[in-house]
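Undergrad: I am sharing run07.cif, which consists of mmCIF, C-alpha atoms:
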data_model
#
loop_
_atom_site.label_atom_id
_atom_site.label_comp_id
_atom_site.auth_asym_id
_atom_site.auth_seq_id
_atom_site.Cartn_x
_atom_site.Cartn_y
_atom_site.Cartn_z
CA MET A 20 -77.60 106.95 -135.52
CA ILE A 21 -79.89 107.75 -138.39
CA ASP A 22 -78.72 104.84 -140.54
CA GLU A 23 -79.51 102.36 -137.82
CA LYS A 24 -82.36 100.02 -138.54
CA ILE A 25 -84.81 98.32 -136.30
CA ALA A 26 -86.14 94.85 -136.94
CA PRO A 27 -89.66 95.06 -138.35
CA ARG A 28 -92.67 94.14 -136.29
CA ASP A 29 -93.06 90.43 -137.01
CA TRP A 30 -96.73 89.96 -137.82
CA SER A 31 -96.27 86.19 -137.76
CA ALA A 32 -95.76 86.62 -134.01
CA HIS A 33 -98.30 89.33 -133.13
CA PRO A 34 -102.09 89.01 -133.12
CA PRO A 35 -104.03 90.52 -136.02
CA LEU A 36 -105.92 93.73 -135.31
CA LEU A 37 -109.27 92.18 -136.22
CA TYR A 38 -109.96 88.88 -134.49
CA PRO A 39 -113.75 88.46 -134.25
CA PRO A 40 -113.71 85.69 -131.60
CA TYR A 41 -112.49 88.49 -129.32
CA ALA A 42 -115.65 90.55 -129.69
CA SER A 43 -114.16 93.92 -128.71
CA THR A 44 -111.93 93.91 -131.79
CA VAL A 45 -114.91 94.23 -134.14
CA LEU A 46 -115.58 97.93 -133.58
CA ARG A 47 -112.08 98.88 -132.47
CA ALA A 48 -109.65 97.30 -134.94
CA PRO A 49 -108.50 99.60 -137.76
CA THR A 50 -109.87 98.33 -141.08
CA LYS A 51 -107.43 99.97 -143.48
CA PRO A 52 -103.93 98.59 -144.02
CA LEU A 53 -101.19 100.06 -141.87
CA ILE A 54 -99.04 102.48 -143.86
CA PRO A 55 -95.35 101.56 -143.92
CA LEU A 56 -93.12 104.21 -142.41
CA LYS A 57 -89.35 104.34 -142.65
CA ALA A 58 -87.98 104.56 -139.13
CA SER A 59 -86.69 108.03 -138.26
CA LEU A 60 -85.23 109.35 -135.03
CA ALA A 61 -88.73 109.43 -133.59
CA GLU A 62 -88.93 105.66 -133.88
CA LEU A 63 -85.32 104.76 -133.10
CA THR A 64 -85.16 106.74 -129.87
CA GLY A 65 -87.36 106.26 -126.84
CA PRO A 66 -87.99 107.34 -123.28
CA VAL A 67 -85.58 106.17 -120.60
CA TYR A 68 -86.75 105.38 -117.08
CA GLY A 69 -83.94 104.34 -114.80
CA HIS A 70 -83.81 102.66 -111.43
CA ASP A 71 -84.81 105.92 -109.78
CA SER A 72 -88.30 105.42 -111.17
CA CYS A 73 -88.77 102.39 -108.90
CA GLY A 74 -89.23 102.35 -105.15
CA PRO A 75 -87.71 99.66 -102.90
CA LEU A 76 -90.89 97.55 -102.79
CA ASP A 77 -92.11 98.12 -106.33
CA HIS A 78 -90.88 94.69 -107.43
CA ASP A 79 -92.53 92.90 -104.50
CA LEU A 80 -96.30 92.78 -104.87
CA THR A 81 -96.53 90.59 -101.77
CA LYS A 82 -95.39 93.60 -99.74
CA ASN A 83 -96.09 96.79 -101.61
CA ALA A 84 -99.73 97.21 -100.58
CA ARG A 85 -99.95 95.64 -97.15
CA ARG A 86 -102.31 97.22 -94.65
CA ASN A 87 -102.83 94.74 -91.85
CA GLY A 88 -101.28 91.48 -92.95
CA GLU A 89 -100.04 89.42 -95.84
CA PRO A 90 -101.95 89.06 -99.09
CA LEU A 91 -103.80 85.78 -99.53
CA GLY A 92 -102.86 83.22 -102.14
CA GLU A 93 -99.87 81.37 -103.48
CA ARG A 94 -96.63 83.37 -103.45
CA ILE A 95 -94.63 83.14 -106.66
CA VAL A 96 -91.41 84.51 -108.11
CA VAL A 97 -91.54 85.66 -111.73
CA ALA A 98 -88.16 86.36 -113.27
CA GLY A 99 -86.51 86.43 -116.65
CA ARG A 100 -84.57 88.55 -119.08
CA VAL A 101 -85.48 91.15 -121.65
CA LEU A 102 -83.60 90.41 -124.87
CA ASP A 103 -83.62 91.33 -128.52
CA GLU A 104 -84.05 88.81 -131.31
CA GLU A 105 -80.32 88.16 -131.43
CA GLY A 106 -80.29 87.27 -127.75
CA ARG A 107 -78.62 90.51 -126.70
CA PRO A 108 -79.78 91.72 -123.28
CA ALA A 109 -81.81 94.91 -122.92
CA PRO A 110 -80.43 96.59 -119.79
CA GLY A 111 -82.30 99.45 -118.16
CA ALA A 112 -85.67 98.41 -119.58
CA LEU A 113 -88.64 99.50 -117.49
CA ILE A 114 -91.20 96.73 -116.88
CA GLU A 115 -94.59 97.53 -115.36
CA ILE A 116 -96.96 94.74 -114.35
CA TRP A 117 -100.54 94.52 -113.11
CA GLN A 118 -102.75 91.57 -112.33
CA ALA A 119 -105.80 90.20 -110.54
CA ASN A 120 -105.54 88.93 -106.99
CA SER A 121 -105.58 85.25 -106.04
CA ALA A 122 -109.38 85.21 -106.24
CA GLY A 123 -109.41 86.58 -109.78
CA ARG A 124 -110.43 90.11 -108.86
CA TYR A 125 -108.85 93.35 -110.04
CA VAL A 126 -108.72 96.42 -107.83
CA HIS A 127 -110.09 98.46 -110.76
CA HIS A 128 -113.58 99.83 -110.18
CA VAL A 129 -114.71 98.59 -113.60
CA ASP A 130 -114.20 94.99 -112.46
CA GLN A 131 -117.61 93.80 -111.25
CA HIS A 132 -116.69 90.16 -110.70
CA ASP A 133 -118.01 89.29 -107.23
CA ALA A 134 -114.83 87.60 -106.03
CA PRO A 135 -113.36 89.27 -102.93
CA LEU A 136 -110.83 92.08 -102.95
CA ASP A 137 -107.75 91.55 -100.80
CA PRO A 138 -107.01 94.53 -98.54
CA ASN A 139 -103.32 93.64 -98.58
CA PHE A 140 -102.88 93.28 -102.31
CA LEU A 141 -102.98 95.88 -105.06
CA GLY A 142 -101.47 93.90 -107.92
CA ALA A 143 -99.21 96.50 -109.52
CA GLY A 144 -95.44 96.73 -109.63
CA ARG A 145 -92.44 97.76 -111.68
CA VAL A 146 -88.76 97.03 -112.09
CA VAL A 147 -85.90 98.10 -114.33
CA THR A 148 -83.77 95.35 -115.89
CA GLY A 149 -80.15 94.96 -114.84
CA ALA A 150 -77.02 94.87 -116.98
CA ASP A 151 -77.84 91.34 -118.16
CA GLY A 152 -81.43 92.29 -119.02
CA GLY A 153 -82.63 90.41 -115.96
CA TYR A 154 -85.60 91.24 -113.76
CA ALA A 155 -87.52 89.59 -110.92
CA PHE A 156 -90.87 90.15 -109.24
CA ARG A 157 -92.41 88.55 -106.22
CA THR A 158 -96.16 88.35 -106.32
CA ILE A 159 -99.26 86.24 -105.70
CA LYS A 160 -100.44 83.86 -108.39
CA PRO A 161 -103.42 85.56 -110.04
CA GLY A 162 -106.74 83.73 -110.23
CA ALA A 163 -108.80 83.04 -113.32
CA TYR A 164 -111.86 85.23 -113.78
CA PRO A 165 -114.99 85.34 -115.91
CA TRP A 166 -115.66 87.92 -118.59
CA ARG A 167 -118.53 88.53 -120.95
CA ASN A 168 -116.95 87.92 -124.33
CA HIS A 169 -119.06 84.79 -124.87
CA HIS A 170 -121.04 82.29 -122.80
CA ASN A 171 -119.00 80.92 -119.90
CA ALA A 172 -115.89 82.88 -120.88
CA TRP A 173 -112.96 82.75 -118.44
CA ARG A 174 -109.53 84.30 -118.74
CA PRO A 175 -106.59 82.00 -117.99
CA ASN A 176 -104.41 83.09 -115.08
CA HIS A 177 -102.20 85.88 -116.39
CA ILE A 178 -100.04 88.84 -115.49
CA HIS A 179 -100.07 91.97 -117.68
CA PHE A 180 -96.62 93.20 -118.73
CA SER A 181 -95.67 96.59 -120.18
CA VAL A 182 -92.09 96.89 -121.44
CA PHE A 183 -90.03 99.80 -122.79
CA GLY A 184 -87.13 98.81 -125.00
CA ALA A 185 -84.42 101.04 -126.41
CA SER A 186 -86.69 102.41 -129.14
CA PHE A 187 -90.16 103.86 -129.08
CA VAL A 188 -91.29 101.21 -131.55
CA SER A 189 -89.95 98.36 -129.44
CA ARG A 190 -92.71 99.19 -126.96
CA LEU A 191 -94.55 96.04 -125.92
CA VAL A 192 -97.65 95.36 -123.88
CA THR A 193 -98.36 91.69 -123.37
CA GLN A 194 -99.62 89.06 -120.94
CA MET A 195 -97.73 86.24 -119.25
CA TYR A 196 -99.51 82.93 -118.69
CA PHE A 197 -98.80 79.85 -116.60
CA PRO A 198 -97.88 76.43 -117.99
CA GLY A 199 -100.61 73.90 -118.71
CA ASP A 200 -103.59 76.18 -118.21
CA PRO A 201 -106.75 74.33 -119.36
CA LEU A 202 -108.35 77.65 -120.36
CA PHE A 203 -105.91 78.34 -123.22
CA ALA A 204 -108.10 76.45 -125.67
CA TYR A 205 -111.10 78.66 -124.87
CA ASP A 206 -109.45 82.07 -124.58
CA PRO A 207 -109.65 84.25 -127.71
CA ILE A 208 -107.04 86.68 -126.38
CA TYR A 209 -104.47 83.89 -126.14
CA GLN A 210 -105.74 82.21 -129.32
CA GLY A 211 -105.48 85.50 -131.19
CA VAL A 212 -101.71 85.02 -131.25
CA PRO A 213 -100.66 83.08 -134.35
CA ALA A 214 -100.00 79.39 -133.76
CA GLY A 215 -96.31 78.85 -133.28
CA ALA A 216 -95.87 82.06 -131.30
CA ARG A 217 -98.47 81.57 -128.54
CA GLU A 218 -96.25 79.47 -126.34
CA ARG A 219 -93.84 82.41 -126.06
CA LEU A 220 -96.40 83.91 -123.69
CA VAL A 221 -96.36 80.90 -121.37
CA SER A 222 -93.91 81.09 -118.49
CA ARG A 223 -91.85 78.05 -117.56
CA PHE A 224 -91.83 76.55 -114.09
CA SER A 225 -88.30 76.48 -112.69
CA ILE A 226 -87.22 74.49 -109.67
CA ASP A 227 -84.01 76.54 -109.65
CA LEU A 228 -85.94 79.78 -109.33
CA THR A 229 -88.25 78.27 -106.73
CA GLU A 230 -87.34 79.47 -103.25
CA PRO A 231 -87.41 76.74 -100.57
CA GLU A 232 -90.16 77.18 -97.99
CA PHE A 233 -91.29 80.36 -99.75
CA ALA A 234 -92.49 80.47 -103.36
CA LEU A 235 -92.64 78.66 -106.71
CA GLY A 236 -90.57 80.17 -109.50
CA TYR A 237 -91.66 80.92 -113.06
CA VAL A 238 -89.34 82.11 -115.83
CA PHE A 239 -90.63 84.52 -118.46
CA ASP A 240 -88.17 85.90 -121.01
CA ILE A 241 -89.31 88.77 -123.20
CA VAL A 242 -87.97 89.31 -126.71
CA LEU A 243 -88.24 92.80 -128.18
CA ARG A 244 -87.54 94.04 -131.68
CA GLY A 245 -83.82 94.53 -132.08
CA ARG A 246 -81.75 97.40 -133.41
CA PHE A 247 -79.25 96.78 -136.13
CA ALA A 248 -76.38 98.79 -137.47
CA THR A 249 -76.95 97.32 -140.92
CA PRO A 250 -80.18 96.62 -142.75
CA PHE A 251 -82.08 93.70 -141.36
CA GLU A 252 -82.36 91.18 -144.15
CA GLU A 253 -84.60 88.27 -143.37
CA ARG A 254 -86.38 86.80 -140.47
CA ARG A 255 -85.44 83.46 -139.11
CA ALA A 256 -88.14 80.84 -138.85
CA MET B 242 -82.16 83.46 -131.51
CA SER B 243 -85.77 83.70 -130.67
CA GLY B 244 -88.84 85.36 -132.01
CA GLN B 245 -90.55 88.50 -130.81
CA THR B 246 -92.75 88.14 -127.77
CA PRO B 247 -96.32 88.53 -129.05
CA SER B 248 -98.35 91.57 -128.15
CA GLN B 249 -101.54 91.24 -126.09
CA THR B 250 -104.30 93.70 -125.33
CA VAL B 251 -103.79 96.15 -122.47
CA GLY B 252 -107.30 95.09 -121.37
CA PRO B 253 -109.81 97.12 -119.37
CA TYR B 254 -107.89 97.17 -116.08
CA PHE B 255 -104.61 98.90 -116.89
CA ALA B 256 -105.33 102.02 -114.85
CA TYR B 257 -103.69 101.05 -111.56
CA GLY B 258 -100.77 99.45 -113.38
CA LEU B 259 -99.93 102.20 -115.86
CA ALA B 260 -101.78 105.37 -114.87
CA ALA B 261 -102.42 105.01 -111.16
CA ARG B 262 -102.16 108.67 -110.20
CA GLN B 263 -104.46 109.81 -112.97
CA TYR B 264 -107.07 107.25 -111.89
CA HIS B 265 -106.65 108.02 -108.18
CA PHE B 266 -105.01 104.79 -107.09
CA PRO B 267 -102.53 105.03 -104.23
CA ASN B 268 -99.44 103.94 -106.16
CA GLY B 269 -97.40 106.07 -108.53
CA GLN B 270 -96.92 106.17 -112.27
CA VAL B 271 -93.80 106.94 -114.30
CA ALA B 272 -95.41 109.40 -116.69
CA ASP B 273 -98.68 111.27 -117.05
CA GLY B 274 -100.27 113.82 -119.36
CA VAL B 275 -97.91 116.60 -118.34
CA ILE B 276 -94.93 116.34 -120.67
CA ALA B 277 -93.84 119.94 -120.14
CA ARG B 278 -94.33 121.57 -116.77
CA ASP B 279 -96.17 124.83 -116.37
CA ASP B 280 -92.99 126.91 -116.29
CA SER B 281 -91.99 125.81 -119.79
CA ILE B 282 -91.99 128.38 -122.56
CA GLY B 283 -94.43 127.89 -125.41
CA ARG B 284 -96.66 125.35 -123.80
CA ILE B 285 -99.55 123.83 -125.69
CA ARG B 286 -102.34 121.43 -124.93
CA VAL B 287 -103.31 118.49 -127.14
CA ILE B 288 -106.66 116.88 -126.44
CA GLY B 289 -108.77 114.33 -128.23
CA ALA B 290 -111.21 111.49 -128.12
CA VAL B 291 -110.84 107.98 -129.48
CA TYR B 292 -113.88 106.78 -131.42
CA ASP B 293 -114.91 103.24 -132.22
CA GLY B 294 -116.55 102.03 -135.42
CA ALA B 295 -120.00 103.03 -134.14
CA GLY B 296 -118.82 106.58 -133.48
CA ALA B 297 -118.85 106.15 -129.70
CA PRO B 298 -116.02 107.64 -127.66
CA ILE B 299 -113.87 104.93 -126.08
CA PRO B 300 -113.48 105.46 -122.33
CA ASP B 301 -110.83 102.79 -121.75
CA ALA B 302 -108.09 103.72 -124.20
CA LEU B 303 -104.55 104.60 -123.19
CA ILE B 304 -102.46 106.99 -125.29
CA GLU B 305 -98.71 107.40 -125.06
CA VAL B 306 -96.77 110.26 -126.66
CA TRP B 307 -93.12 110.53 -127.61
CA GLN B 308 -91.78 113.75 -129.06
CA ALA B 309 -88.76 115.93 -129.72
CA ASP B 310 -88.00 119.07 -127.72
CA ALA B 311 -88.42 122.58 -129.08
CA ALA B 312 -85.14 122.23 -130.96
CA GLY B 313 -86.16 118.97 -132.61
CA ARG B 314 -83.97 116.79 -130.39
CA TYR B 315 -85.11 113.42 -128.99
CA GLY B 316 -84.09 112.43 -125.50
CA ALA B 317 -82.13 115.62 -124.90
CA PRO B 318 -81.34 116.50 -121.28
CA GLY B 319 -84.01 118.50 -119.50
CA PHE B 320 -86.98 117.35 -121.54
CA GLY B 321 -88.42 113.88 -121.03
CA GLY B 322 -90.60 113.97 -124.10
CA PHE B 323 -92.82 111.09 -123.00
CA GLY B 324 -96.40 111.24 -121.79
CA ARG B 325 -99.19 108.84 -120.98
CA CYS B 326 -102.89 109.51 -120.51
CA GLY B 327 -105.97 107.30 -120.30
CA THR B 328 -109.40 108.37 -121.54
CA GLY B 329 -111.18 107.11 -118.42
CA THR B 330 -111.09 110.14 -116.14
CA HIS B 331 -112.60 112.83 -118.36
CA PRO B 332 -116.40 113.21 -118.67
CA GLN B 333 -116.17 113.21 -122.47
CA ALA B 334 -113.53 110.43 -122.48
CA LEU B 335 -110.81 112.78 -123.70
CA PHE B 336 -107.10 112.34 -123.34
CA ALA B 337 -105.12 115.51 -122.63
CA PHE B 338 -101.43 116.31 -122.85
CA GLU B 339 -99.74 119.49 -121.73
CA THR B 340 -96.52 119.85 -123.62
CA ILE B 341 -94.58 122.08 -125.98
CA LYS B 342 -94.77 122.02 -129.72
CA PRO B 343 -91.74 120.01 -130.88
CA GLY B 344 -89.21 121.51 -133.22
CA ARG B 345 -88.39 120.12 -136.62
CA ALA B 346 -86.10 117.09 -136.65
CA GLY B 347 -84.39 117.21 -140.02
CA ALA B 348 -86.91 117.47 -142.83
CA ALA B 349 -89.79 116.42 -140.61
CA ALA B 350 -92.57 118.84 -139.73
CA PRO B 351 -93.30 119.14 -136.00
CA PHE B 352 -95.24 116.10 -134.83
CA LEU B 353 -96.04 113.93 -131.84
CA SER B 354 -95.67 110.14 -132.08
CA LEU B 355 -98.60 108.33 -130.50
CA VAL B 356 -99.24 104.75 -129.45
CA VAL B 357 -102.81 103.65 -128.89
CA PHE B 358 -103.65 100.82 -126.50
CA MET B 359 -107.10 99.58 -125.52
CA ARG B 360 -109.31 96.64 -124.78
CA GLY B 361 -110.10 95.20 -128.19
CA LEU B 362 -106.66 95.94 -129.63
CA LEU B 363 -104.58 92.78 -129.41
CA SER B 364 -101.65 94.68 -130.92
CA HIS B 365 -101.15 98.39 -130.23
CA VAL B 366 -101.10 100.86 -133.13
CA PHE B 367 -98.86 103.82 -133.94
CA THR B 368 -99.93 107.15 -135.37
CA ARG B 369 -98.68 110.75 -135.51
CA ALA B 370 -100.21 114.13 -134.72
CA TYR B 371 -99.07 117.05 -136.89
CA PHE B 372 -100.28 120.65 -136.46
CA ASP B 373 -102.63 122.60 -138.70
CA ASP B 374 -100.65 125.83 -138.28
CA GLU B 375 -97.56 124.22 -139.82
CA MET B 376 -98.94 123.55 -143.26
CA ALA B 377 -95.79 124.57 -145.14
CA ALA B 378 -93.68 122.20 -143.06
CA ASN B 379 -96.34 119.52 -143.32
CA ALA B 380 -96.25 119.75 -147.11
CA ALA B 381 -92.56 118.85 -147.07
CA ASP B 382 -92.77 116.13 -144.41
CA PRO B 383 -91.39 112.80 -145.65
CA ALA B 384 -93.80 110.64 -143.64
CA LEU B 385 -96.93 112.60 -144.57
CA SER B 386 -95.92 112.31 -148.20
CA GLN B 387 -96.22 108.51 -147.85
CA VAL B 388 -99.86 108.91 -146.86
CA PRO B 389 -102.54 109.13 -149.56
CA ALA B 390 -103.48 112.80 -149.85
CA GLN B 391 -107.14 112.24 -148.97
CA ARG B 392 -106.18 110.62 -145.65
CA ARG B 393 -103.58 113.14 -144.46
CA ALA B 394 -106.14 115.24 -142.63
CA THR B 395 -106.59 112.42 -140.12
CA LEU B 396 -103.05 113.14 -138.90
CA ILE B 397 -103.47 116.88 -138.37
CA ALA B 398 -104.32 118.30 -134.95
CA LYS B 399 -106.55 121.37 -135.22
CA ARG B 400 -105.99 124.56 -133.27
CA GLN B 401 -109.05 125.41 -131.20
CA ALA B 402 -110.38 128.92 -130.82
CA GLY B 403 -110.22 130.39 -127.35
CA GLU B 404 -108.00 132.01 -124.80
CA GLY B 405 -105.44 130.53 -122.47
CA LEU B 406 -103.11 127.69 -123.34
CA PRO B 407 -103.08 127.14 -127.13
CA THR B 408 -105.06 123.95 -127.57
CA TYR B 409 -105.08 121.50 -130.44
CA ARG B 410 -107.70 118.83 -130.99
CA PHE B 411 -106.57 115.45 -132.28
CA ASP B 412 -109.34 112.86 -132.48
CA ILE B 413 -108.54 109.28 -133.28
CA HIS B 414 -111.03 107.27 -135.33
CA MET B 415 -110.39 103.54 -135.17
CA GLN B 416 -112.73 102.88 -138.10
CA GLY B 417 -115.10 104.62 -140.51
CA ASP B 418 -114.81 107.19 -143.30
CA GLY B 419 -112.34 109.25 -141.36
CA GLU B 420 -110.35 106.31 -140.05
CA THR B 421 -107.09 107.61 -138.66
CA VAL B 422 -103.92 106.59 -140.47
CA PHE B 423 -101.93 104.06 -138.48
CA PHE B 424 -98.36 103.27 -139.38
CA ASP B 425 -96.46 100.03 -139.66
CA VAL B 426 -93.21 101.05 -138.04
#
Write out the structure in this file as structure tokens.
TA:
Amino acid sequence: MIDEKIAPRDWSAHPPLLYPPYASTVLRAPTKPLIPLKASLAELTGPVYGHDSCGPLDHDLTKNARRNGEPLGERIVVAGRVLDEEGRPAPGALIEIWQANSAGRYVHHVDQHDAPLDPNFLGAGRVVTGADGGYAFRTIKPGAYPWRNHHNAWRPNHIHFSVFGASFVSRLVTQMYFPGDPLFAYDPIYQGVPAGARERLVSRFSIDLTEPEFALGYVFDIVLRGRFATPFEERRA
Amino acid sequence: MSGQTPSQTVGPYFAYGLAARQYHFPNGQVADGVIARDDSIGRIRVIGAVYDGAGAPIPDALIEVWQADAAGRYGAPGFGGFGRCGTGTHPQALFAFETIKPGRAGAAAPFLSLVVFMRGLLSHVFTRAYFDDEMAANAADPALSQVPAQRRATLIAKRQAGEGLPTYRFDIHMQGDGETVFFDV
């Protein structure tokens, strides 16, 4: 166990801590260099949440908060696999998601955007990946919404993802986007990701995943840092 | 073979997705600030604020903790070892964990591993909380020894005076003279 290694965090894929176009980073990003730490058991192990942490409707956001009808908006299926960098599946990985409703409004009380709330939509769900690392949610396509980062700032449509891998340091919180969004060019949160890695956050439309007479399908695979029995030597381009 | 999926900020609206019960939303959450239940032996409390570069407490941070059990074992049966707490429900924007002090894992002094998420952090950061009543163990800790001596104090939780549950204070400073040490792990 202890001589196992984990692939390093690839800073050519992750956003820098300070990215001034995203104004909130200016007072919140650490200014001193991160201190390298050799992975110990604390980093190589991690919490395990199995299927018993999910209820029967937790994966279906079109149903898990209904009060008196169906949520409004375009139904979608979002599915994919959680993998490591070598393409090995991550089974038993807990995924939590949250998102705005079809009008671009979050349930959260801090959200003051005057788009309507939907009484039949909360926008939160979770699943645990299967033996092949696969997962699937049903939900409503989230709307774009304005924020105050700069004049006329709008977030592209996105779904927040939180993922637990096999190790504490494979923890990932990210956002999934939709193909061809015209707001990408103006969004500093998306643009904060180094060029060449940004498109990994964009889901892919899939006619195969699309369910006839029901919902469009989008594929979003998630790649976590991998564990290795031998030292990890060099990163592929 | 494909590259790591990039990190993105947790944003300001994570509460109902990740900490619903704490923030009084109707849905559940997988983990909260109670890592060890109230019938556990040797319980402690670890509280703290997260400060921005202007010295203001951050009310929309989310802290996660991973730790060993009292015998220094990770993921051992009977002790989950994982906790999650946002700073948005306390009047002073504190996070609070009720847990037990972990045992030593090998040469390591007792410590909690922390991840910090917030609006304004496009990539989350990792830190550790050690304990100020374990100075002998701290002096021999292999990770602390990698930290410049003048910055080690930022990783030490301080025992608070008072009765009741032993309470340690661990403030996190994102910037400034006392900027907390964050690790590249």
Undergrad: What separation in Å, quoted to one decimal, exists between CA of Ser281 (chain B) and CA of Phe411 (chain B)?
TA: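 These atoms are spaced 21.8 Å apart.
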Undergrad: So how far away is CA of Pro35 (chain A) from CA of Pro389 (chain B), in Å?
TA: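 Between CA of Pro389 (chain B) and CA of Pro35 (chain A) the gap works out to 23.1 Å.
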Undergrad: Please identify every residue of chain A that has at least one atom no more than 6 Å from any atom of chain B, counting all atoms listed in the file, and report them as a list in words.
TA: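 So the residues of chain A near chain B are Ala32, His33, Pro34, Ser43, Thr44, Leu46, Arg47, Pro49, Leu53, Ile54, Pro55, Leu56, Glu104, Glu105, Gly106, Trp117, His127, Ala143, Val192, Thr193, Gln194, Ile241, Val242 and Leu243 of chain A.
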Undergrad: Between CA of Asp77 (chain A) and CA of Trp166 (chain A), what distance in Å does the model show, to one decimal?
TA: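 It comes out at 28.4 Å.
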Undergrad: Once the PyMOL selection byres ((chain B and resi 412) around 10) has been evaluated on this model, what residues remain selected, and can you format them as a PDB file with C-alpha atoms, in the coordinates of the input?
TA:
ATOM      1  CA  VAL B 287    -103.310 118.490-127.140  1.00  0.00           C
ATOM      2  CA  ILE B 288    -106.660 116.880-126.440  1.00  0.00           C
ATOM      3  CA  GLY B 289    -108.770 114.330-128.230  1.00  0.00           C
ATOM      4  CA  ALA B 290    -111.210 111.490-128.120  1.00  0.00           C
ATOM      5  CA  VAL B 291    -110.840 107.980-129.480  1.00  0.00           C
ATOM      6  CA  TYR B 292    -113.880 106.780-131.420  1.00  0.00           C
ATOM      7  CA  PRO B 298    -116.020 107.640-127.660  1.00  0.00           C
ATOM      8  CA  LEU B 335    -110.810 112.780-123.700  1.00  0.00           C
ATOM      9  CA  PHE B 336    -107.100 112.340-123.340  1.00  0.00           C
ATOM     10  CA  ALA B 370    -100.210 114.130-134.720  1.00  0.00           C
ATOM     11  CA  THR B 395    -106.590 112.420-140.120  1.00  0.00           C
ATOM     12  CA  LEU B 396    -103.050 113.140-138.900  1.00  0.00           C
ATOM     13  CA  ILE B 397    -103.470 116.880-138.370  1.00  0.00           C
ATOM     14  CA  ALA B 398    -104.320 118.300-134.950  1.00  0.00           C
ATOM     15  CA  LYS B 399    -106.550 121.370-135.220  1.00  0.00           C
ATOM     16  CA  TYR B 409    -105.080 121.500-130.440  1.00  0.00           C
ATOM     17  CA  ARG B 410    -107.700 118.830-130.990  1.00  0.00           C
ATOM     18  CA  PHE B 411    -106.570 115.450-132.280  1.00  0.00           C
ATOM     19  CA  ILE B 413    -108.540 109.280-133.280  1.00  0.00           C
ATOM     20  CA  HIS B 414    -111.030 107.270-135.330  1.00  0.00           C
ATOM     21  CA  MET B 415    -110.390 103.540-135.170  1.00  0.00           C
ATOM     22  CA  THR B 421    -107.090 107.610-138.660  1.00  0.00           C
TER      23      THR B 421
END
Undergrad: Run the PyMOL selection byres ((chain A and resi 181) around 6) against the file shown and list the residues it catches, as a list in words.
TA: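 Answer for the PyMOL selection byres ((chain A and resi 181) around 6): Ile114, Glu115, Phe180, Val182, Leu191 and Val192 of chain A.
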Undergrad: Using only C-alpha atoms for the distances, tell me which of A:Ala150, A:Ala26, A:Ala48, A:Val221 is nearest to Phe203 (chain A).
TA: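 Nearest candidate to Phe203 (chain A) out of A:Ala150, A:Ala26, A:Ala48, A:Val221: A:Val221.
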Undergrad: Might you pull out every residue within 7 Å of Ile159 (chain A), with all atoms listed in the file counted and same-chain residues fewer than 3 positions away left off, and present them as JSON, numbers by chain?
TA: {"A": [81, 92, 93, 94, 95, 120, 121]}
Undergrad: Could you check which of A:Thr50, A:Gly211, A:Asn83, A:Asn171 is closest to Gly419 (chain B), using only C-alpha atoms?
TA: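 For Gly419 (chain B), the nearest of the given residues is A:Thr50.
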Undergrad: Pro201 (chain A): which residues within 12 Å, counting only C-alpha atoms, same-chain residues fewer than 6 positions away excluded, as a list of chain:residue names?
TA: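 The residues that qualify are A:Ala163, A:Trp173, A:Arg174, A:Pro175, A:Asn176, A:Tyr209.
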